[in-house]
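**Q** My questions will all concern the structure given below.
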Amino acid sequence: MTEVMPDGERGGEVASPAHEERNAKESLQHRRAVKVCLAGRSTGMGAFTSWAVYSTRQRKKLKPHRTESSRTGNHWWDYYYLLPGKYLAAVKDVSNSGKHRCRYVLIRVFTPEEYREKVKNDPTAMSNFEYFYRHYGYEIIDLPTTTPPAPYVEPPCSCLREDAEY
């Protein structure tokens, strides 16, 4: 559908849904993902740490792209490749003595421009920007709440449930 403008120029046409979908896919293909590494452990003596990452855009739990384990299998690293944006995570963290440090965190993945502004005074990061951005272009921020920050985020442990008894 075209519209004739007052001075004889043609207006823009309405894009079809297929055209918009193709443009969305093309824009995502050119965006660089950041490698987020989250460490977990299960020592066999009571200590345990695990992460559950949730996408705020898709409103669902994400699976790690890859998991690497130590030789003993007591420690592991979950690797997520995340696009710039905000993600929520629930962390279950229990010490050897049984003390719970379970919490909710916000994982903020920077855009290349935001990360460049953050590391502009670091000559090492600026000399090899692409590598540093791909591996360190995120930050983890503890949230000051004991209730789930969103309805789709599951409590990682019974100590964070609202009906927990102490």
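Ligands are numbered from 1 in the order shown, chains are lettered A, B, ... in the order of the structure tokens, and residues start at 1 in each chain.
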Write out as a PyMOL selection string which residues come within 10 Å of Thr146 (chain A) when counting only C-alpha atoms, dropping same-chain ones fewer than 5 positions away.

**A** chain A and resi 102-104+155+159-162

**Q** Taking 6 positions as the minimum chain separation for residues in the same chain, which residues sit within 12 Å of Thr56 (chain A) when counting only C-alpha atoms? Answer as a list in words.

**A**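 Once the adjacent positions are removed, what remains is Leu62, Leu82, Leu83, Pro84, Gly85, Lys86, Tyr87, Leu88, Ala89, Leu106, Ile107, Arg108, Pro149, Ala150, Pro151, Tyr152 and Val153 of chain A.
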
**Q** Could you pull the residues within 6 Å of Tyr79 (chain A), counting only C-alpha atoms, minus those fewer than 3 positions along the same chain, as a ChimeraX atom specification?

**A** /A:36-37,64-66

**Q** Return as a CSV table (one decimal) with N, CA and C atoms, in the first residue's frame the full set of residues in region 70-159 of chain A whose backbone-based DSSP assignment is alpha helix (DSSP H).

**A**
```csv
chain,number,residue,atom,x,y,z
A,112,PRO,N,28.6,-4.4,22.5
A,112,PRO,CA,30.1,-4.0,22.3
A,112,PRO,C,30.3,-2.5,22.7
A,113,GLU,N,29.4,-1.7,22.4
A,113,GLU,CA,29.6,-0.2,22.7
A,113,GLU,C,29.7,0.0,24.2
A,114,GLU,N,28.8,-0.6,25.0
A,114,GLU,CA,28.8,-0.5,26.4
A,114,GLU,C,30.1,-1.0,27.0
A,115,TYR,N,30.5,-2.2,26.5
A,115,TYR,CA,31.8,-2.8,27.0
A,115,TYR,C,33.0,-1.9,26.6
A,116,ARG,N,33.0,-1.4,25.4
A,116,ARG,CA,34.1,-0.5,25.0
A,116,ARG,C,34.2,0.7,25.9
A,117,GLU,N,33.1,1.2,26.3
A,117,GLU,CA,33.1,2.4,27.2
A,117,GLU,C,33.6,2.0,28.6
A,118,LYS,N,33.3,0.8,29.0
A,118,LYS,CA,33.7,0.3,30.3
A,118,LYS,C,35.2,0.1,30.4
A,123,PRO,N,44.5,-0.7,28.4
A,123,PRO,CA,45.1,-0.9,27.1
A,123,PRO,C,45.2,-2.3,26.7
A,124,THR,N,45.2,-3.3,27.6
A,124,THR,CA,45.2,-4.7,27.2
A,124,THR,C,43.9,-5.1,26.6
A,125,ALA,N,42.8,-4.7,27.2
A,125,ALA,CA,41.5,-5.0,26.7
A,125,ALA,C,41.2,-4.3,25.4
A,126,MET,N,41.7,-3.1,25.2
A,126,MET,CA,41.4,-2.4,24.0
A,126,MET,C,42.3,-2.9,22.8
A,127,SER,N,43.5,-3.4,23.1
A,127,SER,CA,44.3,-4.0,22.1
A,127,SER,C,43.7,-5.3,21.5
A,129,PHE,N,40.3,-6.3,21.7
A,129,PHE,CA,38.9,-6.0,22.2
A,129,PHE,C,37.9,-7.2,21.9
A,130,GLU,N,38.0,-7.7,20.7
A,130,GLU,CA,37.1,-8.8,20.3
A,130,GLU,C,37.2,-10.0,21.3
A,131,TYR,N,38.4,-10.4,21.7
A,131,TYR,CA,38.6,-11.5,22.6
A,131,TYR,C,38.0,-11.2,24.0
A,132,PHE,N,38.3,-10.0,24.5
A,132,PHE,CA,37.9,-9.6,25.8
A,132,PHE,C,36.4,-9.5,25.9
A,133,TYR,N,35.8,-8.9,24.8
A,133,TYR,CA,34.3,-8.8,24.8
A,133,TYR,C,33.7,-10.1,24.8
A,134,ARG,N,34.1,-11.1,24.0
A,134,ARG,CA,33.5,-12.4,23.9
A,134,ARG,C,33.6,-13.2,25.2
A,135,HIS,N,34.6,-12.9,26.0
A,135,HIS,CA,34.8,-13.7,27.2
A,135,HIS,C,34.5,-13.0,28.5
A,136,TYR,N,34.5,-11.6,28.5
A,136,TYR,CA,34.3,-10.9,29.7
A,136,TYR,C,33.3,-9.8,29.6
```

**Q** From the set A:Lys99, A:Lys120, A:Arg31, A:His75, which residue has the shortest atom-to-atom contact distance to Ser50 (chain A), counting only C-alpha atoms?

**A**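 The closest residue to Ser50 (chain A) is A:His75.
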
**Q** Quick one: distance from CA of Thr147 (chain A) to CA of Asp93 (chain A) in Å, one decimal?

**A**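 Value for the CA of Thr147 (chain A)-CA of Asp93 (chain A) distance: 16.1 Å.
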